[in-house]
Amino acid sequence: MSIRVSHLCKRFGSGANQFVAVDDVSLEVGGGELVAFLGPSGSGKSTILRIIAGLEQADSGSVHFAGRQADHLHARSRGVGFVFQHYALFRHMSVAENIAFGLRVQGKSKDEQRRRVAELLDLMGLAGLGERYPAQLSGGQRQRVALARALAPEPQVLLLDEPFGAVDARVREELRHWLRRLHDEVHVTSIFVTHDQEEAFSVADKVIVINRGRVEQAASPAEILDHPATEFVARFIGEANVYEGVARDGQVPVGALRVPADGLPDGTPVTAVLRFYDLKFWRDDRGFARVTRTMTLGDRVKVEAVIDDGPVIYSQFPRRSSLLAGIEPGCRIHVEVTLARLYPQGGATPAVTVQLQ
Amino acid sequence: MTRIGVALAPERGGRVVRLAVLAYIGALVLLPLAALAQHGLAGGLGALWRTLASPGALHALWLTFWSAGVMALINALMGTATAWALVRYAFPGRAALSALVDLPFAIPTLVTGVMLVLLYGPQGRVGGWLAGQGWPVAFAAPGILLALLFVTLPFVVRAVEPVLLEQDPAEEEAARTLGAGDLAIFLRVLLPPLLPAVLSGGVRSFARALGEFGSIVVVSGNIPYRTLTAPVYIFGEIEAGSPEAAAAVSLVLLLLAVALTWAARLLERLSGVRGV
């Protein structure tokens, strides 16, 4: 079932303490899609999800399910499955009772309840745990029970609010695969909220980047990586160096570094965003930067350097890259920008991407 | 066996300390219990039964049971509501309300009785008016009930509060998205985890009310066959020089109190098992 959200607004608090959580948000999720809401904490992504579920009331705007307006529908009649960050399992019920809850309150027969519970326990890899209580399960198991409980009444839409936030890194990785595999099997329209870009990119078909209550960009992971629509997306996605400067003679000087800025009028104040992996460092005794630190991060090496008369700059290389030869703290290097994104301040001039081969 | 005290006290000294503590607690607790049992059962079970079956004792016990029972019911309901308000809502004066709940434990029970008589006694403005309407409070059953409610106020509130604090409001939201209505949410999601705490709080307040003396002796008027509760009856029998009757009624109160305390513990353990 497709979801359309139009011109949603939501404020919390009143007077001086008023806080705009959702600011004129419109977005669309196609039937059967798996979409991620990605943004920093406090960006309003969870609030949008809760409004879609009917757990929160929007101040204005509307939500449509499959083209039909849903704003007047109570949360219990929206046919939405919701998974909470901290599981929200019913502590006094066994795993099986938790999963059967939705079917029970909807008056489904005992036989049907039993059949569906067995089916879901199987699907979720929880076979044999039906009689346990939530307190007797691990975090990963609890979240799978929560997922099974949400899926039991066969919802049209599955909403997950930071579903893997409360488990440790290894289990999180496992649960991501679960969610992806599950979606490929069940095909229910799903939205999950996360602040973790790796999670969003590895699981979702489409990522909607949200910041300060607004949609910054809605696109495929590759599109967002290659063509960030806004300065925020460029800064937030992937690790990047961010510098403020003024364009002069087709360049933006950052200390001794010249960031290429072909086509920008002289005197334009810009924000230059340089991804770590869009920079090349190599050892050069007459170079204009000095390495201060190298950090080995698994299969990659992160290099920290200081530009002469300028700020710190980072780059990142595969561990076996030939460019790393001779690079060590204290040595001088040359910095080459292979791709730069320039965002003129004030927004009057459009953004420019400069790519060098 | 290693003990923390071993380094300080040599083995012999340790034994002396253990024996001393045992003797102290024994003399303090067991001896009086034995005395009570001996006097209560002095004439055998038949005599005990006859003493208890005397109209005065019977009425006093009956009055004590039903007033404590009604009080426990009201406490279960209002105590749960109070805990709910304290945990779930942020409102100005919440801290003050929480402090007020504990206040009755700090007030000497005799003082409680005096306060109630001043307010609800026939001389008091409120009490005078109520009595005029045919609703006497002080020196009548409602006075006893009020006194019991006052002195047991914190029991259910403080028993339910921690369980409520543990409960994630997201559980209610989860139930709602699964299609549950308000009633189903209350009966199936909210109430079951609270029930053991509500019951244990209620039982503990009941046990406490069985022995309440200070406030009752002032507020009830102690009219035999009308407002004379079991503890005050016991006091009267001791004063009147018949310790056997006092012992018999005391024995009943004692056994009940011990049984109820056990029941409350059992309930608390039950609620603990499934807690996260």
# chains A, B, ... in the order shown; residues from 1 in each chain; ligands from 1
$ residues_around --residues "A:Arg319" --least-positions-apart "2" --cutoff "10 Å" --atoms "only C-alpha atoms" --output "ChimeraX atom specification"
/A:296-302,316-317,321-324
$ closest_atom_pairs --of "chain A" --to "chain B" --cutoff "6 Å" --atoms "only C-alpha atoms" --output "tab-separated table"
residue	atom	partner	partner_atom	distance
A:Ala75	CA	B:Thr177	CA	5.4
A:Arg76	CA	B:Gly179	CA	4.1
A:Ala88	CA	B:Glu171	CA	4.7
A:Gly102	CA	B:Leu178	CA	4.7
A:Val105	CA	B:Ala180	CA	5.6
A:Ala135	CA	B:Val276	CA	4.7
$ write_last_selection --atoms "N, CA, C and O atoms" --output "compact mmCIF listing (two decimals), in the first residue's frame"
# COMPACT_ATOMS: atom_id res chain seq x y z
N ALA A 75 -5.45 5.23 15.50
CA ALA A 75 -4.28 4.36 15.30
C ALA A 75 -4.68 2.89 15.19
O ALA A 75 -4.08 2.13 14.44
N ARG A 76 -5.73 2.51 15.94
CA ARG A 76 -6.07 1.08 15.96
C ARG A 76 -6.72 0.61 14.68
O ARG A 76 -6.81 -0.58 14.43
N ALA A 88 8.98 -2.55 23.58
CA ALA A 88 7.61 -2.38 24.09
C ALA A 88 6.85 -3.68 24.09
O ALA A 88 5.66 -3.73 23.82
N GLY A 102 -2.51 -8.99 18.76
CA GLY A 102 -3.29 -8.26 17.75
C GLY A 102 -4.46 -9.09 17.24
O GLY A 102 -5.57 -8.59 17.08
N VAL A 105 -7.24 -9.33 20.11
CA VAL A 105 -8.13 -8.17 20.31
C VAL A 105 -8.99 -7.93 19.08
O VAL A 105 -9.99 -7.24 19.15
N ALA A 135 11.54 -11.16 29.42
CA ALA A 135 12.72 -10.97 30.26
C ALA A 135 13.74 -12.07 30.07
O ALA A 135 14.91 -11.91 30.43
$ residues_around --residues "B:Ala207" --least-positions-apart "2" --cutoff "9 Å" --atoms "only C-alpha atoms" --output "CSV table (one decimal) with C-alpha atoms, in the first residue's frame"
chain,number,residue,atom,x,y,z
B,68,ALA,CA,-10.1,-2.7,57.3
B,202,GLY,CA,-3.8,-3.6,49.7
B,203,VAL,CA,-3.0,-6.6,51.9
B,204,ARG,CA,-0.2,-4.8,53.7
B,205,SER,CA,-2.6,-1.9,54.4
B,209,ALA,CA,-5.2,-1.5,59.9
B,210,LEU,CA,-6.0,-4.6,62.0
B,211,GLY,CA,-3.8,-3.3,64.7
B,253,LEU,CA,-5.0,-10.5,65.2
B,256,LEU,CA,-3.9,-12.9,60.7
B,257,ALA,CA,-1.2,-10.3,60.5
B,258,VAL,CA,1.5,-12.9,60.1
B,260,LEU,CA,-1.2,-11.6,55.5
B,261,THR,CA,2.4,-10.4,55.6
$ select_by_dssp --residues "stretch 64-238 of chain B" --states "helix (DSSP H, G or I)" --output "MDAnalysis selection string"
chainID B and resid 64:88 94:106 109:120 125:132 141:151 154:166 169:177 182:210 214:219 230:238
$ closest_residue --among "A:Gly61, A:Leu34, A:Arg180, A:Val171" --to "A:Ser138" --atoms "only C-alpha atoms"
A:Val171
$ closest_atom_pairs --of "stretch 179-260 of chain B" --to "stretch 76-96 of chain B" --cutoff "8 Å" --atoms "only C-alpha atoms" --output "CSV"
residue,atom,partner,partner_atom,distance
B:Val198,CA,B:Ala76,CA,5.8
B:Leu199,CA,B:Ala76,CA,7.2
B:Gly201,CA,B:Ala76,CA,7.3
B:Gly202,CA,B:Ala76,CA,5.6
$ closest_residue --among "B:Leu19, B:His39, B:Thr51, B:Leu31" --to "B:Pro243" --atoms "only C-alpha atoms"
B:His39
$ atom_distance --atom1 "atom CA of A:Gly165" --atom2 "atom CA of A:Gly140"
10.7 Å
$ closest_residue --among "A:Asp168, A:Asp71, A:Asp59, A:Glu216" --to "A:Gly39" --atoms "only C-alpha atoms"
A:Glu216
$ residues_around --residues "B:Val218" --least-positions-apart "3" --cutoff "12 Å" --atoms "only C-alpha atoms" --output "list in words"
Thr109, Leu110, Val111, Thr112, Gly113, Val114, Met115, Leu116, Val117, Leu118, Tyr120, Gly121, Ala138, Phe139, Ala140, Gly143, Ile144, Ala147, Glu212, Phe213, Gly214, Ser215, Gly221, Asn222, Ile223, Thr227, Leu228, Thr229 and Val232 of chain B
$ write_last_selection --atoms "N, CA and C atoms" --output "compact mmCIF listing (two decimals), in the first residue's frame"
# COMPACT_ATOMS: atom_id res chain seq x y z
N THR B 109 -0.06 8.55 65.43
CA THR B 109 -1.45 8.20 65.09
C THR B 109 -2.45 8.86 66.04
N LEU B 110 -2.04 9.07 67.29
CA LEU B 110 -2.93 9.77 68.22
C LEU B 110 -3.26 11.16 67.69
N VAL B 111 -2.24 11.81 67.15
CA VAL B 111 -2.42 13.15 66.59
C VAL B 111 -3.41 13.10 65.42
N THR B 112 -3.28 12.04 64.62
CA THR B 112 -4.23 11.84 63.53
C THR B 112 -5.66 11.83 64.07
N GLY B 113 -5.84 11.04 65.15
CA GLY B 113 -7.17 10.96 65.75
C GLY B 113 -7.66 12.32 66.19
N VAL B 114 -6.79 13.08 66.83
CA VAL B 114 -7.17 14.40 67.32
C VAL B 114 -7.58 15.31 66.16
N MET B 115 -6.78 15.28 65.07
CA MET B 115 -7.10 16.11 63.90
C MET B 115 -8.48 15.76 63.37
N LEU B 116 -8.76 14.48 63.28
CA LEU B 116 -10.04 14.06 62.72
C LEU B 116 -11.20 14.46 63.61
N VAL B 117 -10.99 14.34 64.92
CA VAL B 117 -12.07 14.72 65.84
C VAL B 117 -12.33 16.22 65.77
N LEU B 118 -11.23 17.00 65.67
CA LEU B 118 -11.40 18.46 65.59
C LEU B 118 -12.20 18.83 64.35
N TYR B 120 -14.13 16.59 62.31
CA TYR B 120 -15.40 15.90 62.08
C TYR B 120 -16.23 15.70 63.36
N GLY B 121 -15.67 16.09 64.51
CA GLY B 121 -16.42 15.93 65.75
C GLY B 121 -17.66 16.81 65.73
N ALA B 138 -17.28 11.40 63.24
CA ALA B 138 -16.54 11.03 64.44
C ALA B 138 -17.47 10.24 65.35
N PHE B 139 -16.89 9.33 66.13
CA PHE B 139 -17.62 8.45 67.04
C PHE B 139 -18.60 7.57 66.27
N ALA B 140 -18.32 7.31 65.00
CA ALA B 140 -19.15 6.42 64.19
C ALA B 140 -18.24 5.70 63.20
N GLY B 143 -15.82 7.54 60.77
CA GLY B 143 -14.62 8.08 61.41
C GLY B 143 -13.52 7.03 61.45
N ILE B 144 -13.91 5.80 61.78
CA ILE B 144 -12.93 4.72 61.81
C ILE B 144 -12.30 4.53 60.43
N ALA B 147 -9.90 7.32 59.57
CA ALA B 147 -8.64 7.18 60.31
C ALA B 147 -7.77 6.11 59.66
N GLU B 212 -4.47 -1.04 64.20
CA GLU B 212 -4.47 0.40 64.42
C GLU B 212 -5.18 0.76 65.73
N PHE B 213 -4.49 1.51 66.57
CA PHE B 213 -5.05 1.83 67.88
C PHE B 213 -5.13 3.35 68.11
N GLY B 214 -4.00 4.02 67.97
CA GLY B 214 -3.88 5.42 68.38
C GLY B 214 -4.95 6.33 67.81
N SER B 215 -5.14 6.29 66.51
CA SER B 215 -6.10 7.21 65.91
C SER B 215 -7.53 6.78 66.20
N GLY B 221 -14.80 6.84 69.54
CA GLY B 221 -15.70 6.93 70.67
C GLY B 221 -15.78 5.65 71.49
N ASN B 222 -15.30 4.52 70.90
CA ASN B 222 -15.19 3.26 71.63
C ASN B 222 -16.49 2.83 72.29
N ILE B 223 -17.59 2.89 71.57
CA ILE B 223 -18.87 2.48 72.11
C ILE B 223 -19.04 0.98 71.87
N THR B 227 -18.83 1.02 68.02
CA THR B 227 -17.59 1.54 67.43
C THR B 227 -16.35 1.07 68.17
N LEU B 228 -16.47 -0.05 68.86
CA LEU B 228 -15.31 -0.57 69.60
C LEU B 228 -14.57 -1.58 68.72
N THR B 229 -13.36 -1.21 68.25
CA THR B 229 -12.61 -2.13 67.39
C THR B 229 -11.81 -3.11 68.23
N VAL B 232 -8.85 -1.78 70.45
CA VAL B 232 -9.32 -1.02 71.60
C VAL B 232 -10.02 -1.94 72.59
$ select_by_dssp --residues "stretch 34-238 of chain A" --states "strand (DSSP E)" --output "number ranges by chain"
A: 34-38, 60-65, 68-69, 80-83, 157-161, 189-194, 206-211, 214-219
$ residues_around --residues "A:Ile333" --least-positions-apart "6" --cutoff "6 Å" --atoms "only C-alpha atoms" --output "list in words"
Trp282, Arg283, Asp284, Gly287, Ala289 and Arg290 of chain A
$ write_last_selection --atoms "all heavy atoms" --output "CSV table (one decimal), in the first residue's frame"
chain,number,residue,atom,x,y,z
A,282,TRP,N,49.6,12.6,-1.5
A,282,TRP,CA,50.8,11.8,-1.7
A,282,TRP,C,52.0,12.5,-1.2
A,282,TRP,O,52.0,13.7,-1.1
A,282,TRP,CB,51.0,11.4,-3.2
A,282,TRP,CG,51.2,12.5,-4.2
A,282,TRP,CD1,52.3,13.2,-4.4
A,282,TRP,CD2,50.2,13.0,-5.0
A,282,TRP,NE1,52.1,14.1,-5.4
A,282,TRP,CE2,50.8,14.0,-5.8
A,282,TRP,CE3,48.8,12.7,-5.3
A,282,TRP,CZ2,50.1,14.7,-6.8
A,282,TRP,CZ3,48.1,13.4,-6.2
A,282,TRP,CH2,48.8,14.4,-7.0
A,283,ARG,N,53.1,11.8,-0.9
A,283,ARG,CA,54.2,12.3,-0.3
A,283,ARG,C,55.0,13.2,-1.3
A,283,ARG,O,55.2,12.9,-2.4
A,283,ARG,CB,55.2,11.2,0.2
A,283,ARG,CG,56.4,11.8,0.9
A,283,ARG,CD,57.1,10.8,1.8
A,283,ARG,NE,58.1,11.5,2.5
A,283,ARG,CZ,58.7,11.1,3.6
A,283,ARG,NH1,58.3,10.0,4.1
A,283,ARG,NH2,59.6,11.8,4.1
A,284,ASP,N,55.3,14.5,-0.8
A,284,ASP,CA,55.9,15.4,-1.7
A,284,ASP,C,56.6,16.4,-0.8
A,284,ASP,O,56.0,17.2,0.0
A,284,ASP,CB,54.9,16.1,-2.6
A,284,ASP,CG,55.5,17.2,-3.5
A,284,ASP,OD1,56.7,17.5,-3.3
A,284,ASP,OD2,54.8,17.7,-4.4
A,287,GLY,N,55.4,19.7,-0.9
A,287,GLY,CA,53.9,19.9,-0.7
A,287,GLY,C,53.5,21.0,0.2
A,287,GLY,O,54.4,21.5,1.0
A,289,ALA,N,51.1,20.7,2.7
A,289,ALA,CA,50.5,20.3,3.9
A,289,ALA,C,51.4,19.3,4.6
A,289,ALA,O,52.3,18.7,4.0
A,289,ALA,CB,49.1,19.6,3.6
A,290,ARG,N,51.1,19.1,5.9
A,290,ARG,CA,52.0,18.3,6.8
A,290,ARG,C,51.1,17.3,7.5
A,290,ARG,O,50.1,17.6,8.1
A,290,ARG,CB,52.8,19.1,7.8
A,290,ARG,CG,53.8,18.4,8.5
A,290,ARG,CD,54.6,19.4,9.4
A,290,ARG,NE,53.7,20.3,10.2
A,290,ARG,CZ,53.2,19.9,11.3
A,290,ARG,NH1,53.4,18.7,11.9
A,290,ARG,NH2,52.4,20.8,12.0
$ residues_around --residues "A:Ala166" --least-positions-apart "2" --cutoff "10 Å" --atoms "only C-alpha atoms" --output "list of chain:residue names"
A:Phe84, A:Gln85, A:His86, A:Tyr87, A:Gly139, A:Gly140, A:Gln143, A:Glu162, A:Pro163, A:Phe164, A:Asp168, A:Ala169, A:Val171, A:Arg172
$ closest_residue --among "A:Ala118, A:Val246, A:Val95, A:Ala200" --to "A:Leu137" --atoms "only C-alpha atoms"
A:Val95
